[in-house]
Amino acid sequence: MTSQDTKINLEDENKDMWHEEVGGQSSGAATLNLEDEGNTHTFTEFPTSAADADDDADDTSNLINENKNPIWTFAYYQELFNVNTNTVLDRIKGSMIPSPKQTFTRRYIGGRPDMYGPFWICATLVLAIGVCGNLTTLLSHVSDESYHYTPQFERLSIAAILVYSYTFLIPLLIKGVLWWRKTSTGHSVTDIICTYGYSLFIFIPVCILLLVPSNIFDWIALSIAIVLSGSCIAVSLWPALRDDSRQVAILFTAIILVLHTALGVSFRL
């Protein structure tokens, strides 16, 4: 369309290119006049701008409810188990691949911890320890015809006390230490418990690998699991610990790694 064929008349005194009128009252609808070879075409009922529509819209579907429920309410614990399968799987994979650039807590938890994954990971680990422990005892005496096998169910009780105490009590102690040292950290108790719980997942397949009748292979597999899961915990807590003095931060990190190593060795024993 050329300037000879069509022109838009912008008139300040006689006409307005854009005007709003319905019965002498403003309606919010814009009118555009185009003159084409002597014929005037008028277009009306233009929509309002997107900015105006956004200002008037009352859409809260994408807003996140930031209201925190009190700890004594059922809704508080319901939120901790409100998690989908993809989130749990992503956190499981993230716990086995620690990254020093972005911690597990920041990348995978992001202020939305859950207790669903840690609870069932601990339950599965307890079952794996009990079953694999009994199988190890049976396989070690398979050539002894005089040996009479009896299931040792007490291993399940010992494993349950060990795993759940470590997963839920150690984070409480860590949070207490951070509070005592007045360390500025955004880690809540549930964040630390979530990190500890997911870090134990790697020990589940390791328990199965420990059935291999080779001490060297068992210790190598166990060492890899301790290093990966321990690194996930240490890297996640280091930003909180480094706010303290360097000596104290290194000391507490060493204690955390020693406790984690002791847990892994107890699975082998």
# chains A, B, ... in the order shown; residues from 1 in each chain; ligands from 1
$ residues_around --residues "region 133-141 of chain A" --least-positions-apart "3" --cutoff "10 Å" --atoms "only C-alpha atoms" --output "NGL selection string"
:A and (127-130 or 144-153 or 155-156 or 207-208 or 210-213 or 267-269)
$ select_by_dssp --residues "region 180-220 of chain A" --states "helix (DSSP H, G or I)" --output "PyMOL selection string"
chain A and resi 180+189-199+203-209+215-220
$ residues_around --residues "region 159-171 of chain A" --least-positions-apart "4" --cutoff "8 Å" --atoms "only C-alpha atoms" --output "list in words"
Cys122, Ala123, Leu125, Val126, Ile129, Gly130, Arg155, Lys175, Val189, Ile192, Ile193, Tyr196 and Gly197 of chain A
$ atom_distance --atom1 "CA of Asp191 (chain A)" --atom2 "CA of Ala221 (chain A)"
27.6 Å
$ residues_around --residues "Ile255 (chain A)" --least-positions-apart "2" --cutoff "12 Å" --atoms "only C-alpha atoms" --output "list in words"
Ile170, Leu173, Ile174, Gly230, Ile233, Ala234, Val248, Ala249, Ile250, Leu251, Phe252, Thr253, Leu257, Val258, Leu259, His260, Thr261 and Ala262 of chain A
$ write_last_selection --atoms "N, CA, C and O atoms" --output "mmCIF file, in the first residue's frame"
data_model
loop_
_atom_site.group_PDB
_atom_site.id
_atom_site.type_symbol
_atom_site.label_atom_id
_atom_site.label_comp_id
_atom_site.auth_asym_id
_atom_site.auth_seq_id
_atom_site.Cartn_x
_atom_site.Cartn_y
_atom_site.Cartn_z
ATOM 1 N N ILE A 170 20.807 -36.715 63.693
ATOM 2 C CA ILE A 170 22.008 -35.958 63.333
ATOM 3 C C ILE A 170 21.657 -34.590 62.752
ATOM 4 O O ILE A 170 22.272 -33.580 63.122
ATOM 5 N N LEU A 173 20.950 -32.247 65.563
ATOM 6 C CA LEU A 173 22.180 -31.812 66.230
ATOM 7 C C LEU A 173 22.903 -30.755 65.399
ATOM 8 O O LEU A 173 23.424 -29.773 65.944
ATOM 9 N N ILE A 174 22.936 -30.950 64.097
ATOM 10 C CA ILE A 174 23.596 -29.971 63.221
ATOM 11 C C ILE A 174 22.886 -28.623 63.284
ATOM 12 O O ILE A 174 23.532 -27.568 63.385
ATOM 13 N N GLY A 230 28.660 -38.783 51.162
ATOM 14 C CA GLY A 230 29.253 -37.846 52.106
ATOM 15 C C GLY A 230 29.554 -36.503 51.480
ATOM 16 O O GLY A 230 29.383 -35.450 52.116
ATOM 17 N N ILE A 233 26.389 -34.361 51.313
ATOM 18 C CA ILE A 233 26.050 -33.719 52.593
ATOM 19 C C ILE A 233 27.007 -32.582 52.888
ATOM 20 O O ILE A 233 26.593 -31.472 53.257
ATOM 21 N N ALA A 234 28.306 -32.834 52.738
ATOM 22 C CA ALA A 234 29.305 -31.824 53.080
ATOM 23 C C ALA A 234 29.188 -30.584 52.199
ATOM 24 O O ALA A 234 29.257 -29.456 52.692
ATOM 25 N N VAL A 248 36.710 -23.883 62.753
ATOM 26 C CA VAL A 248 35.477 -24.509 63.229
ATOM 27 C C VAL A 248 34.735 -25.174 62.083
ATOM 28 O O VAL A 248 34.199 -26.281 62.222
ATOM 29 N N ALA A 249 34.694 -24.523 60.914
ATOM 30 C CA ALA A 249 34.009 -25.093 59.758
ATOM 31 C C ALA A 249 34.652 -26.405 59.329
ATOM 32 O O ALA A 249 33.955 -27.393 59.045
ATOM 33 N N ILE A 250 35.962 -26.430 59.280
ATOM 34 C CA ILE A 250 36.668 -27.658 58.893
ATOM 35 C C ILE A 250 36.445 -28.751 59.930
ATOM 36 O O ILE A 250 36.253 -29.930 59.594
ATOM 37 N N LEU A 251 36.442 -28.375 61.226
ATOM 38 C CA LEU A 251 36.243 -29.364 62.283
ATOM 39 C C LEU A 251 34.862 -30.007 62.188
ATOM 40 O O LEU A 251 34.736 -31.240 62.240
ATOM 41 N N PHE A 252 33.829 -29.199 62.038
ATOM 42 C CA PHE A 252 32.479 -29.747 61.958
ATOM 43 C C PHE A 252 32.283 -30.558 60.686
ATOM 44 O O PHE A 252 31.596 -31.586 60.703
ATOM 45 N N THR A 253 32.883 -30.121 59.580
ATOM 46 C CA THR A 253 32.790 -30.893 58.348
ATOM 47 C C THR A 253 33.461 -32.253 58.503
ATOM 48 O O THR A 253 32.936 -33.275 58.030
ATOM 49 N N LEU A 257 31.717 -36.007 58.196
ATOM 50 C CA LEU A 257 32.224 -37.062 57.309
ATOM 51 C C LEU A 257 32.612 -38.312 58.085
ATOM 52 O O LEU A 257 32.407 -39.433 57.608
ATOM 53 N N VAL A 258 33.148 -38.148 59.285
ATOM 54 C CA VAL A 258 33.509 -39.306 60.106
ATOM 55 C C VAL A 258 32.256 -40.085 60.505
ATOM 56 O O VAL A 258 32.230 -41.324 60.454
ATOM 57 N N LEU A 259 31.215 -39.380 60.920
ATOM 58 C CA LEU A 259 29.967 -40.054 61.284
ATOM 59 C C LEU A 259 29.367 -40.775 60.085
ATOM 60 O O LEU A 259 28.851 -41.903 60.216
ATOM 61 N N HIS A 260 29.448 -40.155 58.924
ATOM 62 C CA HIS A 260 28.899 -40.783 57.725
ATOM 63 C C HIS A 260 29.718 -42.014 57.337
ATOM 64 O O HIS A 260 29.150 -43.030 56.916
ATOM 65 N N THR A 261 31.024 -41.920 57.490
ATOM 66 C CA THR A 261 31.873 -43.088 57.195
ATOM 67 C C THR A 261 31.588 -44.231 58.162
ATOM 68 O O THR A 261 31.535 -45.401 57.766
ATOM 69 N N ALA A 262 31.388 -43.889 59.435
ATOM 70 C CA ALA A 262 31.076 -44.921 60.434
ATOM 71 C C ALA A 262 29.754 -45.616 60.102
ATOM 72 O O ALA A 262 29.618 -46.847 60.283
#
$ atom_distance --atom1 "CA of Arg91 (chain A)" --atom2 "CA of Gly111 (chain A)"
13.3 Å
$ atom_distance --atom1 "CA of Ala225 (chain A)" --atom2 "CA of Tyr198 (chain A)"
12.6 Å
$ closest_residue --among "A:Lys93, A:Ala75, A:Gln247, A:Ser229" --to "Arg107 (chain A)" --atoms "only C-alpha atoms"
A:Lys93
